>>> print(open('model31.pdb').read())   # PDB, C-alpha atoms and all ligand atoms
ATOM      1  CA  MET A   1     -20.745 -43.557  68.134
ATOM      2  CA  LEU A   2     -17.812 -41.786  66.629
ATOM      3  CA  PHE A   3     -14.230 -42.694  66.023
ATOM      4  CA  LYS A   4     -11.173 -41.147  64.498
ATOM      5  CA  CYS A   5      -8.242 -42.660  62.709
ATOM      6  CA  LEU A   6      -5.867 -40.569  64.830
ATOM      7  CA  PRO A   7      -4.693 -42.507  67.899
ATOM      8  CA  PRO A   8      -5.520 -40.887  71.262
ATOM      9  CA  GLY A   9      -2.869 -38.342  72.101
ATOM     10  CA  GLY A  10      -1.470 -38.377  68.586
ATOM     11  CA  GLU A  11       0.054 -35.199  67.257
ATOM     12  CA  ILE A  12      -1.977 -33.248  64.736
ATOM     13  CA  PRO A  13       0.543 -32.016  62.188
ATOM     14  CA  GLY A  14      -1.799 -29.657  60.430
ATOM     15  CA  ARG A  15      -2.864 -27.866  63.534
ATOM     16  CA  PHE A  16      -2.287 -24.141  63.699
ATOM     17  CA  PRO A  17       0.526 -23.802  66.239
ATOM     18  CA  GLY A  18      -0.908 -20.820  68.076
ATOM     19  CA  PRO A  19      -3.827 -20.551  70.450
ATOM     20  CA  VAL A  20      -7.246 -21.590  69.288
ATOM     21  CA  HIS A  21      -9.600 -18.798  68.348
ATOM     22  CA  ALA A  22     -12.951 -20.380  67.834
ATOM     23  CA  ARG A  23     -14.330 -17.397  65.949
ATOM     24  CA  GLY A  24     -11.100 -15.683  65.071
ATOM     25  CA  LYS A  25      -8.868 -15.471  62.067
ATOM     26  CA  TRP A  26      -7.408 -18.943  62.499
ATOM     27  CA  PHE A  27     -10.007 -21.578  62.289
ATOM     28  CA  THR A  28      -9.082 -25.257  62.394
ATOM     29  CA  ILE A  29     -11.426 -27.811  60.827
ATOM     30  CA  ASP A  30     -10.888 -31.545  61.152
ATOM     31  CA  ILE A  31     -12.408 -33.033  58.006
ATOM     32  CA  HIS A  32     -11.426 -36.647  58.652
ATOM     33  CA  CYS A  33     -13.740 -37.903  61.344
ATOM     34  CA  HIS A  34     -16.114 -40.833  60.905
ATOM     35  CA  VAL A  35     -19.315 -41.815  62.663
ATOM     36  CA  ARG A  36     -21.028 -45.177  62.632
ATOM     37  CA  SER A  37     -24.793 -45.535  62.516
ATOM     38  CA  ASP A  38     -26.138 -48.542  64.412
ATOM     39  CA  LYS A  39     -29.457 -48.165  62.637
ATOM     40  CA  ALA A  40     -27.884 -48.429  59.186
ATOM     41  CA  ALA A  41     -25.726 -51.353  60.308
ATOM     42  CA  ALA A  42     -28.840 -53.207  61.475
ATOM     43  CA  MET A  43     -30.484 -52.648  58.084
ATOM     44  CA  VAL A  44     -27.754 -54.675  56.332
ATOM     45  CA  GLU A  45     -27.037 -57.196  59.064
ATOM     46  CA  GLY A  46     -26.520 -60.665  57.642
ATOM     47  CA  ASN A  47     -26.340 -59.326  54.096
ATOM     48  CA  ALA A  48     -22.763 -60.300  53.327
ATOM     49  CA  ALA A  49     -22.828 -58.961  49.779
ATOM     50  CA  VAL A  50     -23.757 -55.512  51.015
ATOM     51  CA  SER A  51     -21.564 -55.278  54.060
ATOM     52  CA  ARG A  52     -18.546 -56.810  52.326
ATOM     53  CA  TRP A  53     -15.398 -55.092  53.472
ATOM     54  CA  PHE A  54     -12.262 -55.309  51.390
ATOM     55  CA  LEU A  55     -10.083 -54.881  54.464
ATOM     56  CA  GLU A  56     -11.632 -58.106  55.756
ATOM     57  CA  THR A  57     -11.614 -60.147  52.579
ATOM     58  CA  ALA A  58      -7.871 -59.605  52.118
ATOM     59  CA  ALA A  59      -6.576 -60.021  55.657
ATOM     60  CA  SER A  60      -4.631 -62.601  57.591
ATOM     61  CA  GLU A  61      -6.162 -64.266  60.631
ATOM     62  CA  HIS A  62      -4.032 -62.047  62.844
ATOM     63  CA  SER A  63      -5.263 -58.924  61.050
ATOM     64  CA  ARG A  64      -8.887 -60.041  61.351
ATOM     65  CA  ALA A  65      -8.501 -60.532  65.097
ATOM     66  CA  ILE A  66      -7.032 -57.048  65.473
ATOM     67  CA  ASN A  67      -9.762 -55.595  63.251
ATOM     68  CA  ALA A  68     -12.401 -57.111  65.511
ATOM     69  CA  ARG A  69     -10.769 -55.697  68.655
ATOM     70  CA  THR A  70     -10.344 -52.289  67.036
ATOM     71  CA  ALA A  71     -13.968 -52.227  65.947
ATOM     72  CA  ASN A  72     -15.095 -52.926  69.500
ATOM     73  CA  GLY A  73     -12.825 -50.233  70.906
ATOM     74  CA  ARG A  74     -14.082 -47.709  68.427
ATOM     75  CA  ALA A  75     -17.662 -48.575  69.139
ATOM     76  CA  SER A  76     -17.222 -47.631  72.773
ATOM     77  CA  ARG A  77     -15.834 -44.149  72.057
ATOM     78  CA  ALA A  78     -18.584 -41.630  72.543
ATOM     79  CA  PRO A  79     -19.567 -38.859  72.504
ATOM     80  CA  PRO A  80     -17.662 -36.942  69.825
ATOM     81  CA  ARG A  81     -14.631 -35.509  71.476
ATOM     82  CA  ALA A  82     -14.921 -31.925  70.270
ATOM     83  CA  ALA A  83     -18.349 -31.791  71.843
ATOM     84  CA  ASP A  84     -17.139 -33.582  74.923
ATOM     85  CA  ARG A  85     -14.127 -31.431  75.680
ATOM     86  CA  GLY A  86     -14.885 -28.108  74.075
ATOM     87  CA  TYR A  87     -12.716 -26.299  71.579
ATOM     88  CA  GLY A  88      -9.403 -26.062  73.331
ATOM     89  CA  PRO A  89      -7.565 -29.333  73.956
ATOM     90  CA  ASP A  90      -7.327 -30.640  70.422
ATOM     91  CA  GLY A  91      -6.949 -27.313  68.708
ATOM     92  CA  ILE A  92      -9.984 -28.176  66.609
ATOM     93  CA  ASP A  93     -12.763 -25.658  66.180
ATOM     94  CA  ILE A  94     -15.040 -27.665  63.933
ATOM     95  CA  GLN A  95     -15.169 -31.321  62.948
ATOM     96  CA  ALA A  96     -16.720 -32.295  59.627
ATOM     97  CA  ILE A  97     -18.156 -35.703  60.403
ATOM     98  CA  SER A  98     -18.598 -38.347  57.736
ATOM     99  CA  PRO A  99     -19.842 -41.944  57.582
ATOM    100  CA  ALA A 100     -17.674 -44.885  58.523
ATOM    101  CA  PRO A 101     -16.368 -45.850  55.062
ATOM    102  CA  ARG A 102     -17.965 -49.275  55.059
ATOM    103  CA  GLN A 103     -21.362 -47.698  55.751
ATOM    104  CA  THR A 104     -21.608 -46.242  52.274
ATOM    105  CA  TYR A 105     -23.023 -49.631  51.223
ATOM    106  CA  TYR A 106     -22.527 -49.162  47.473
ATOM    107  CA  GLY A 107     -23.083 -52.897  47.024
ATOM    108  CA  ALA A 108     -26.711 -52.673  48.153
ATOM    109  CA  ASP A 109     -29.602 -52.686  45.726
ATOM    110  CA  PRO A 110     -30.866 -49.166  44.942
ATOM    111  CA  ASP A 111     -33.737 -49.021  47.431
ATOM    112  CA  LEU A 112     -31.722 -50.438  50.318
ATOM    113  CA  GLY A 113     -28.805 -48.181  49.422
ATOM    114  CA  HIS A 114     -31.114 -45.177  49.497
ATOM    115  CA  GLU A 115     -32.584 -46.204  52.844
ATOM    116  CA  THR A 116     -29.206 -46.791  54.478
ATOM    117  CA  SER A 117     -27.942 -43.469  53.117
ATOM    118  CA  ARG A 118     -30.893 -41.683  54.634
ATOM    119  CA  ALA A 119     -30.348 -43.423  57.968
ATOM    120  CA  VAL A 120     -26.655 -42.503  58.041
ATOM    121  CA  ASN A 121     -27.359 -38.924  56.996
ATOM    122  CA  ASP A 122     -30.135 -38.481  59.534
ATOM    123  CA  PHE A 123     -27.773 -39.767  62.219
ATOM    124  CA  ILE A 124     -25.083 -37.263  61.219
ATOM    125  CA  ALA A 125     -27.692 -34.500  61.075
ATOM    126  CA  GLU A 126     -28.822 -35.372  64.574
ATOM    127  CA  ILE A 127     -25.262 -34.952  65.916
ATOM    128  CA  CYS A 128     -24.799 -31.689  64.031
ATOM    129  CA  GLY A 129     -28.144 -30.478  65.338
ATOM    130  CA  ARG A 130     -27.108 -31.147  68.927
ATOM    131  CA  TYR A 131     -23.818 -29.283  68.506
ATOM    132  CA  PRO A 132     -24.399 -26.897  65.623
ATOM    133  CA  ASP A 133     -21.365 -24.747  66.399
ATOM    134  CA  ARG A 134     -18.981 -27.707  66.592
ATOM    135  CA  PHE A 135     -19.928 -30.118  63.824
ATOM    136  CA  VAL A 136     -20.826 -29.948  60.178
ATOM    137  CA  GLY A 137     -22.011 -32.917  58.163
ATOM    138  CA  LEU A 138     -20.521 -34.799  55.242
ATOM    139  CA  GLY A 139     -23.170 -37.254  54.138
ATOM    140  CA  THR A 140     -23.379 -40.277  51.886
ATOM    141  CA  VAL A 141     -25.458 -40.904  48.773
ATOM    142  CA  PRO A 142     -26.290 -44.175  46.982
ATOM    143  CA  PHE A 143     -23.810 -43.839  44.133
ATOM    144  CA  GLN A 144     -24.922 -47.179  42.714
ATOM    145  CA  ALA A 145     -28.268 -45.547  41.852
ATOM    146  CA  PRO A 146     -27.443 -42.118  40.381
ATOM    147  CA  ASP A 147     -30.982 -40.702  40.312
ATOM    148  CA  LEU A 148     -31.525 -41.624  43.945
ATOM    149  CA  ALA A 149     -28.072 -40.265  44.733
ATOM    150  CA  ILE A 150     -29.030 -36.910  43.259
ATOM    151  CA  ALA A 151     -32.240 -36.835  45.283
ATOM    152  CA  GLU A 152     -30.229 -37.506  48.428
ATOM    153  CA  LEU A 153     -27.647 -34.886  47.449
ATOM    154  CA  ASP A 154     -30.432 -32.327  47.293
ATOM    155  CA  ARG A 155     -31.805 -33.472  50.631
ATOM    156  CA  VAL A 156     -28.496 -33.356  52.495
ATOM    157  CA  ARG A 157     -27.742 -29.889  51.153
ATOM    158  CA  LYS A 158     -31.153 -28.258  51.246
ATOM    159  CA  SER A 159     -32.858 -30.025  54.159
ATOM    160  CA  LEU A 160     -29.995 -31.156  56.378
ATOM    161  CA  GLY A 161     -27.590 -28.314  55.655
ATOM    162  CA  PHE A 162     -24.577 -30.563  55.016
ATOM    163  CA  ARG A 163     -21.449 -29.057  53.515
ATOM    164  CA  GLY A 164     -20.434 -32.098  51.508
ATOM    165  CA  ILE A 165     -20.434 -35.830  51.052
ATOM    166  CA  GLU A 166     -17.995 -38.662  51.517
ATOM    167  CA  ILE A 167     -17.476 -40.984  48.572
ATOM    168  CA  MET A 168     -15.518 -44.180  48.227
ATOM    169  CA  THR A 169     -12.727 -44.787  45.725
ATOM    170  CA  HIS A 170     -14.951 -47.068  43.635
ATOM    171  CA  VAL A 171     -18.612 -48.070  43.544
ATOM    172  CA  ALA A 172     -18.645 -51.750  44.482
ATOM    173  CA  GLY A 173     -15.765 -52.243  42.062
ATOM    174  CA  GLU A 174     -16.973 -49.831  39.356
ATOM    175  CA  ASP A 175     -14.732 -46.857  38.636
ATOM    176  CA  LEU A 176     -15.956 -43.373  39.453
ATOM    177  CA  SER A 177     -15.295 -42.203  35.901
ATOM    178  CA  ALA A 178     -18.162 -44.325  34.535
ATOM    179  CA  ASP A 179     -20.598 -42.240  32.492
ATOM    180  CA  ARG A 180     -23.548 -43.024  34.714
ATOM    181  CA  PHE A 181     -21.931 -41.257  37.672
ATOM    182  CA  ARG A 182     -21.348 -37.956  35.842
ATOM    183  CA  LYS A 183     -24.701 -36.525  36.830
ATOM    184  CA  ILE A 184     -23.853 -37.027  40.510
ATOM    185  CA  PHE A 185     -20.618 -35.061  40.192
ATOM    186  CA  ALA A 186     -22.489 -32.424  38.190
ATOM    187  CA  ARG A 187     -25.033 -31.915  40.952
ATOM    188  CA  ALA A 188     -22.384 -31.931  43.685
ATOM    189  CA  GLU A 189     -20.550 -29.194  41.782
ATOM    190  CA  GLU A 190     -23.765 -27.258  41.266
ATOM    191  CA  LEU A 191     -24.627 -27.430  44.961
ATOM    192  CA  GLY A 192     -21.085 -26.462  45.972
ATOM    193  CA  LEU A 193     -20.664 -29.593  48.063
ATOM    194  CA  VAL A 194     -17.229 -30.762  49.179
ATOM    195  CA  VAL A 195     -16.530 -34.304  47.985
ATOM    196  CA  PHE A 196     -14.305 -36.144  50.440
ATOM    197  CA  MET A 197     -12.952 -39.325  48.828
ATOM    198  CA  HIS A 198     -11.949 -42.108  51.194
ATOM    199  CA  PRO A 199     -10.730 -45.660  50.448
ATOM    200  CA  ASP A 200     -11.806 -48.894  52.079
ATOM    201  CA  GLY A 201      -9.070 -51.362  51.192
ATOM    202  CA  PHE A 202      -8.053 -52.411  47.698
ATOM    203  CA  THR A 203     -10.332 -54.326  45.363
ATOM    204  CA  GLU A 204      -7.556 -56.556  43.951
ATOM    205  CA  ALA A 205      -5.668 -57.249  47.164
ATOM    206  CA  ALA A 206      -4.647 -60.881  46.742
ATOM    207  CA  ARG A 207      -1.018 -60.000  47.493
ATOM    208  CA  PHE A 208      -1.910 -57.728  50.425
ATOM    209  CA  VAL A 209      -3.164 -60.351  52.881
ATOM    210  CA  ASN A 210      -0.226 -60.259  55.289
ATOM    211  CA  HIS A 211       1.062 -57.405  57.429
ATOM    212  CA  TYR A 212      -2.221 -55.479  57.103
ATOM    213  CA  PHE A 213      -1.061 -54.494  53.622
ATOM    214  CA  ALA A 214      -4.705 -54.252  52.498
ATOM    215  CA  ASN A 215      -4.727 -51.043  54.495
ATOM    216  CA  VAL A 216      -1.063 -50.015  54.598
ATOM    217  CA  ILE A 217      -0.654 -50.259  50.817
ATOM    218  CA  GLY A 218      -4.202 -50.936  49.682
ATOM    219  CA  ASN A 219      -5.890 -47.817  51.018
ATOM    220  CA  PRO A 220      -3.564 -45.246  49.449
ATOM    221  CA  LEU A 221      -3.295 -47.405  46.333
ATOM    222  CA  ASP A 222      -7.042 -47.411  45.851
ATOM    223  CA  SER A 223      -7.075 -43.623  46.277
ATOM    224  CA  THR A 224      -4.275 -43.464  43.714
ATOM    225  CA  VAL A 225      -6.211 -45.543  41.201
ATOM    226  CA  ALA A 226      -9.419 -43.588  41.769
ATOM    227  CA  LEU A 227      -7.671 -40.251  41.357
ATOM    228  CA  HIS A 228      -6.133 -41.426  38.089
ATOM    229  CA  HIS A 229      -9.579 -42.409  36.812
ATOM    230  CA  LEU A 230     -11.074 -39.065  37.805
ATOM    231  CA  ILE A 231      -8.298 -37.258  35.928
ATOM    232  CA  PHE A 232      -7.768 -39.488  32.889
ATOM    233  CA  GLY A 233     -11.479 -40.330  32.632
ATOM    234  CA  GLY A 234     -12.346 -36.659  32.215
ATOM    235  CA  VAL A 235     -14.366 -36.128  35.402
ATOM    236  CA  LEU A 236     -12.160 -33.301  36.666
ATOM    237  CA  ARG A 237     -12.099 -31.873  33.131
ATOM    238  CA  ASP A 238     -15.892 -31.757  33.001
ATOM    239  CA  TYR A 239     -16.426 -30.375  36.500
ATOM    240  CA  PRO A 240     -13.733 -27.775  37.054
ATOM    241  CA  ASN A 241     -15.364 -26.393  40.188
ATOM    242  CA  LEU A 242     -15.759 -29.746  41.919
ATOM    243  CA  LYS A 243     -14.292 -29.486  45.416
ATOM    244  CA  LEU A 244     -12.457 -32.793  45.750
ATOM    245  CA  VAL A 245     -10.531 -33.729  48.889
ATOM    246  CA  VAL A 246      -8.674 -37.059  48.921
ATOM    247  CA  ALA A 247      -7.936 -38.777  52.220
ATOM    248  CA  HIS A 248      -4.499 -39.969  53.326
ATOM    249  CA  GLY A 249      -2.302 -37.550  51.433
ATOM    250  CA  GLY A 250      -4.062 -38.186  48.149
ATOM    251  CA  GLY A 251      -2.582 -41.663  47.824
ATOM    252  CA  PHE A 252       0.713 -42.151  46.012
ATOM    253  CA  LEU A 253       0.113 -39.821  43.067
ATOM    254  CA  PRO A 254       1.384 -36.576  44.648
ATOM    255  CA  ALA A 255       4.835 -38.138  45.040
ATOM    256  CA  TYR A 256       4.816 -39.547  41.520
ATOM    257  CA  SER A 257       2.948 -36.966  39.510
ATOM    258  CA  GLY A 258       5.624 -36.380  36.880
ATOM    259  CA  ARG A 259       4.777 -39.736  35.401
ATOM    260  CA  ILE A 260       1.231 -38.787  34.412
ATOM    261  CA  ASP A 261       2.356 -35.761  32.424
ATOM    262  CA  HIS A 262       5.069 -37.790  30.761
ATOM    263  CA  ALA A 263       2.544 -40.477  29.817
ATOM    264  CA  ALA A 264       0.103 -37.943  28.372
ATOM    265  CA  ALA A 265       2.868 -36.290  26.376
ATOM    266  CA  ALA A 266       4.169 -39.597  25.048
ATOM    267  CA  ARG A 267       1.042 -41.559  24.181
ATOM    268  CA  PRO A 268      -2.308 -40.563  22.680
ATOM    269  CA  ASP A 269      -4.074 -43.484  24.324
ATOM    270  CA  CYS A 270      -3.337 -41.830  27.691
ATOM    271  CA  CYS A 271      -5.083 -38.571  26.895
ATOM    272  CA  GLU A 272      -8.266 -39.522  25.084
ATOM    273  CA  GLN A 273     -10.310 -37.491  27.573
ATOM    274  CA  LEU A 274      -7.849 -34.802  28.562
ATOM    275  CA  HIS A 275      -7.757 -31.249  27.312
ATOM    276  CA  ARG A 276      -4.750 -30.275  29.405
ATOM    277  CA  MET A 277      -1.795 -31.962  31.025
ATOM    278  CA  PRO A 278      -2.959 -34.323  33.794
ATOM    279  CA  THR A 279      -1.258 -32.407  36.595
ATOM    280  CA  THR A 280      -3.377 -29.382  35.660
ATOM    281  CA  TYR A 281      -6.336 -31.267  37.078
ATOM    282  CA  LEU A 282      -4.352 -32.669  39.979
ATOM    283  CA  LYS A 283      -3.560 -29.144  41.155
ATOM    284  CA  ARG A 284      -7.255 -28.573  41.812
ATOM    285  CA  VAL A 285      -7.415 -31.492  44.221
ATOM    286  CA  TYR A 286      -6.961 -31.183  47.955
ATOM    287  CA  SER A 287      -5.841 -33.883  50.330
ATOM    288  CA  THR A 288      -5.821 -34.584  53.996
ATOM    289  CA  ARG A 289      -2.339 -35.150  55.314
ATOM    290  CA  SER A 290      -1.035 -38.671  55.691
ATOM    291  CA  SER A 291       1.335 -40.194  58.211
ATOM    292  CA  THR A 292       4.248 -38.820  56.225
ATOM    293  CA  PRO A 293       4.476 -35.331  54.802
ATOM    294  CA  ILE A 294       3.574 -34.796  51.184
ATOM    295  CA  THR A 295       6.831 -34.313  49.317
ATOM    296  CA  SER A 296       5.343 -32.919  46.140
ATOM    297  CA  SER A 297       3.931 -29.417  45.814
ATOM    298  CA  THR A 298       1.764 -30.546  42.925
ATOM    299  CA  ILE A 299      -1.264 -31.338  45.022
ATOM    300  CA  SER A 300      -2.865 -28.867  47.374
ATOM    301  CA  SER A 301      -2.735 -29.948  50.989
ATOM    302  CA  THR A 302      -5.230 -29.074  53.650
ATOM    303  CA  SER A 303      -4.102 -29.164  57.258
ATOM    304  CA  MET A 304      -5.380 -32.401  58.604
ATOM    305  CA  ALA A 305      -4.609 -35.212  60.953
ATOM    306  CA  PRO A 306      -2.469 -38.243  60.116
ATOM    307  CA  THR A 307      -4.420 -41.417  59.713
ATOM    308  CA  THR A 308      -4.090 -45.079  58.926
ATOM    309  CA  SER A 309      -7.767 -45.788  58.447
TER     310      SER A 309
HETATM  311 ZN    ZN B   1     -10.746 -42.518  57.634
END
>>> encode(input="model31.pdb", output="C-alpha cells", more="lines below")
Ligand SMILES: [Zn+2]
Amino acid sequence: MLFKCLPPGGEIPGRFPGPVHARGKWFTIDIHCHVRSDKAAAMVEGNAAVSRWFLETAASEHSRAINARTANGRASRAPPRAADRGYGPDGIDIQAISPAPRQTYYGADPDLGHETSRAVNDFIAEICGRYPDRFVGLGTVPFQAPDLAIAELDRVRKSLGFRGIEIMTHVAGEDLSADRFRKIFARAEELGLVVFMHPDGFTEAARFVNHYFANVIGNPLDSTVALHHLIFGGVLRDYPNLKLVVAHGGGFLPAYSGRIDHAAAARPDCCEQLHRMPTTYLKRVYSTRSSTPITSSTISSTSMAPTTS
C-alpha cells in the first residue's frame, strides 16, 4: 500500500507548468512518496519499544483518533497512483518511493532492524520491478547498527538498484552526528546515494500535545535540529559530496540561517567542528517544498509537493 502526504487533488507547486514529457527535457520526479510494508509491520507487532511513534506519544485524544482514521484511509489507497493513472494527470514522470517514516524501526535491536529493513526494501524493490519506468526506490538501513546498515546500503544499491535511502532525523533519540554513524554517511557518499531525511514527530514534545503540534511544529523542528547537528557536528564537512535532501522545506533553518553564521562568528564553542561558515554547508543541502514557500535563497530547493506528514 502506498500513500502520499499531499491531499487528493492538492496543487503541486513544484510541478513544471507545461505539458508532461515523460522522456523529454522536462522531467518531474516526486521524491516524497511513502509506502508501507505489511510484512515489516507484522515483524514488530506488539513490540511497543520498536514501533513507538513520537506523533502518538505526544498527541491529544482527539489527535490520536484522527491519526487512527487517517492510517486506515491511507492503508486502503492502492495501487501507486502514477502506475494507476499513467504519466499525465499528476504531471509526475517518476516517483521515488520511500518507507513510511515509522517503518525505519531504529529502536529495534540490530538483527530485527536488519530484517525489517530488508523486508521494507524488498517490498519497494518489488513495486519498482513491476513499474520500472515509473518508480525508483529509496530504501532504509538499520542505522542503529552501522555495520549492518552498510551491508544493506550495498545491497540496495548493487542488488536492488535503488537511487537512495530515507533516514530519520535521529536514531531512536541519538543524533545523526554521532561518531558511530560516520561510516554510514561515508558509504552513502561513496555509492552516490541520495539521502532523503524525514522527521517523525519531535522527541521532546511535551508542549506539543494539543492541536497536532507534534506534527505541525514538531516535524519541521526535528528536521531543524537534525540539520544543525549535521552541520555543526561536522558531518557535512566530512562528506562534501553527500546528496542530502530534507523533507518539508528543510525545517525552520532556511528562514533563519543568518543566526548560524552569526553564532559561529561570535563564539568558538559553536564552531569546534566547522572549517567554514555554517551556511556554506547549508547551501549544499536540498529540500522538498513545504506548505509555504521557502523565503530564503540559502538552501537549494527541489520542486516537490507540499506536505504535512
Ligand atoms: Zn512524508
>>> axis_aligned_box(input="model31.pdb", around="region 55-69 of chain A", padding_each_side="4 Å", output="AutoDock Vina command-line options")
--center_x -8.2 --center_y -59.6 --center_z 60.4 --size_x 16.4 --size_y 17.4 --size_z 24.5
>>> atom_distance(input="model31.pdb", atom1="CA of Ile231 (chain A)", atom2="CA of His198 (chain A)")
16.4 Å
>>> closest_residue(input="model31.pdb", among="A:Ala96, A:Val171, A:Val285, A:Cys33", to="Tyr239 (chain A)", atoms="only C-alpha atoms")
A:Val285
>>> atom_distance(input="model31.pdb", atom1="CA of Gly258 (chain A)", atom2="CA of Thr280 (chain A)")
11.5 Å
>>> residues_near_point(input="model31.pdb", point="(-19.4, -49.2, 56.9)", cutoff="8 Å", atoms="only C-alpha atoms", output="PyMOL selection string")
chain A and resi 36+41+51+53+99-105
>>> closest_residue(input="model31.pdb", among="A:Ile97, A:Leu176, A:Leu160, A:Ala226", to="ligand ZN 1 (chain B)", atoms="all atoms listed in the file")
A:Ile97
>>> resolve_selection(input="model31.pdb", expression="the PyMOL selection byres (((chain A and resi 45-48) around 12) and not hetatm)", output="number ranges by chain")
A: 38-44, 49-54, 56-57, 103, 105, 107-109, 112, 116
>>> resolve_selection(input="model31.pdb", expression="the PyMOL selection byres (((chain A and resi 163-169) around 8) and not hetatm)", output="PyMOL selection string")
chain A and resi 98-99+101+104+136-141+157+161-162+170-171+175-176+192-200+222-223+225-226
>>> write_last_selection(input="model31.pdb", atoms="C-alpha atoms", output="PDB file, keeping the file's coordinate frame")
ATOM      1  CA  SER A  98     -18.598 -38.347  57.736  1.00  0.00           C
ATOM      2  CA  PRO A  99     -19.842 -41.944  57.582  1.00  0.00           C
ATOM      3  CA  PRO A 101     -16.368 -45.850  55.062  1.00  0.00           C
ATOM      4  CA  THR A 104     -21.608 -46.242  52.274  1.00  0.00           C
ATOM      5  CA  VAL A 136     -20.826 -29.948  60.178  1.00  0.00           C
ATOM      6  CA  GLY A 137     -22.011 -32.917  58.163  1.00  0.00           C
ATOM      7  CA  LEU A 138     -20.521 -34.799  55.242  1.00  0.00           C
ATOM      8  CA  GLY A 139     -23.170 -37.254  54.138  1.00  0.00           C
ATOM      9  CA  THR A 140     -23.379 -40.277  51.886  1.00  0.00           C
ATOM     10  CA  VAL A 141     -25.458 -40.904  48.773  1.00  0.00           C
ATOM     11  CA  ARG A 157     -27.742 -29.889  51.153  1.00  0.00           C
ATOM     12  CA  GLY A 161     -27.590 -28.314  55.655  1.00  0.00           C
ATOM     13  CA  PHE A 162     -24.577 -30.563  55.016  1.00  0.00           C
ATOM     14  CA  HIS A 170     -14.951 -47.068  43.635  1.00  0.00           C
ATOM     15  CA  VAL A 171     -18.612 -48.070  43.544  1.00  0.00           C
ATOM     16  CA  ASP A 175     -14.732 -46.857  38.636  1.00  0.00           C
ATOM     17  CA  LEU A 176     -15.956 -43.373  39.453  1.00  0.00           C
ATOM     18  CA  GLY A 192     -21.085 -26.462  45.972  1.00  0.00           C
ATOM     19  CA  LEU A 193     -20.664 -29.593  48.063  1.00  0.00           C
ATOM     20  CA  VAL A 194     -17.229 -30.762  49.179  1.00  0.00           C
ATOM     21  CA  VAL A 195     -16.530 -34.304  47.985  1.00  0.00           C
ATOM     22  CA  PHE A 196     -14.305 -36.144  50.440  1.00  0.00           C
ATOM     23  CA  MET A 197     -12.952 -39.325  48.828  1.00  0.00           C
ATOM     24  CA  HIS A 198     -11.949 -42.108  51.194  1.00  0.00           C
ATOM     25  CA  PRO A 199     -10.730 -45.660  50.448  1.00  0.00           C
ATOM     26  CA  ASP A 200     -11.806 -48.894  52.079  1.00  0.00           C
ATOM     27  CA  ASP A 222      -7.042 -47.411  45.851  1.00  0.00           C
ATOM     28  CA  SER A 223      -7.075 -43.623  46.277  1.00  0.00           C
ATOM     29  CA  VAL A 225      -6.211 -45.543  41.201  1.00  0.00           C
ATOM     30  CA  ALA A 226      -9.419 -43.588  41.769  1.00  0.00           C
TER      31      ALA A 226
END
>>> closest_residue(input="model31.pdb", among="A:Met277, A:Val35, A:Ala125, A:Val120", to="ligand ZN 1 (chain B)", atoms="all atoms listed in the file")
A:Val35
>>> residues_around(input="model31.pdb", residues="Ala149 (chain A)", least_positions_apart="3", cutoff="12 Å", atoms="only C-alpha atoms", output="PyMOL selection string")
chain A and resi 104+106+110-111+113-118+139-146+152-156+165+167+180-188
>>> atom_distance(input="model31.pdb", atom1="CA of Tyr286 (chain A)", atom2="CA of Ile31 (chain A)")
11.6 Å
>>> resolve_selection(input="model31.pdb", expression="the PyMOL selection byres (((chain A and resi 213) around 10) and not hetatm)", output="JSON, numbers by chain")
{"A": [55, 58, 59, 60, 63, 201, 202, 205, 207, 208, 209, 210, 211, 212, 214, 215, 216, 217, 218, 219]}
>>> closest_residue(input="model31.pdb", among="A:Asp147, A:Asp30, A:Glu272, A:Glu174", to="Ile94 (chain A)", atoms="all atoms listed in the file")
A:Asp30
>>> closest_residue(input="model31.pdb", among="A:Ala206, A:Pro220, A:Ala266, A:Asp179", to="ligand ZN 1 (chain B)", atoms="only C-alpha atoms and all ligand atoms")
A:Pro220
>>> decode(input="model31.pdb", residues="region 25-38 of chain A", atoms="C-alpha atoms", output="compact mmCIF listing (two decimals), in the first residue's frame")
# COMPACT_ATOMS: atom_id res chain seq x y z
CA LYS A 25 13.77 17.78 -21.47
CA TRP A 26 11.46 18.45 -18.54
CA PHE A 27 11.27 15.56 -16.22
CA THR A 28 9.31 15.77 -12.99
CA ILE A 29 10.23 13.47 -10.10
CA ASP A 30 8.17 13.25 -6.93
CA ILE A 31 10.65 12.32 -4.21
CA HIS A 32 8.24 12.45 -1.28
CA CYS A 33 6.10 9.36 -1.52
CA HIS A 34 5.92 6.69 1.17
CA VAL A 35 4.97 3.03 1.08
CA ARG A 36 4.05 0.81 3.99
CA SER A 37 5.13 -2.81 4.20
CA ASP A 38 2.62 -5.09 5.91
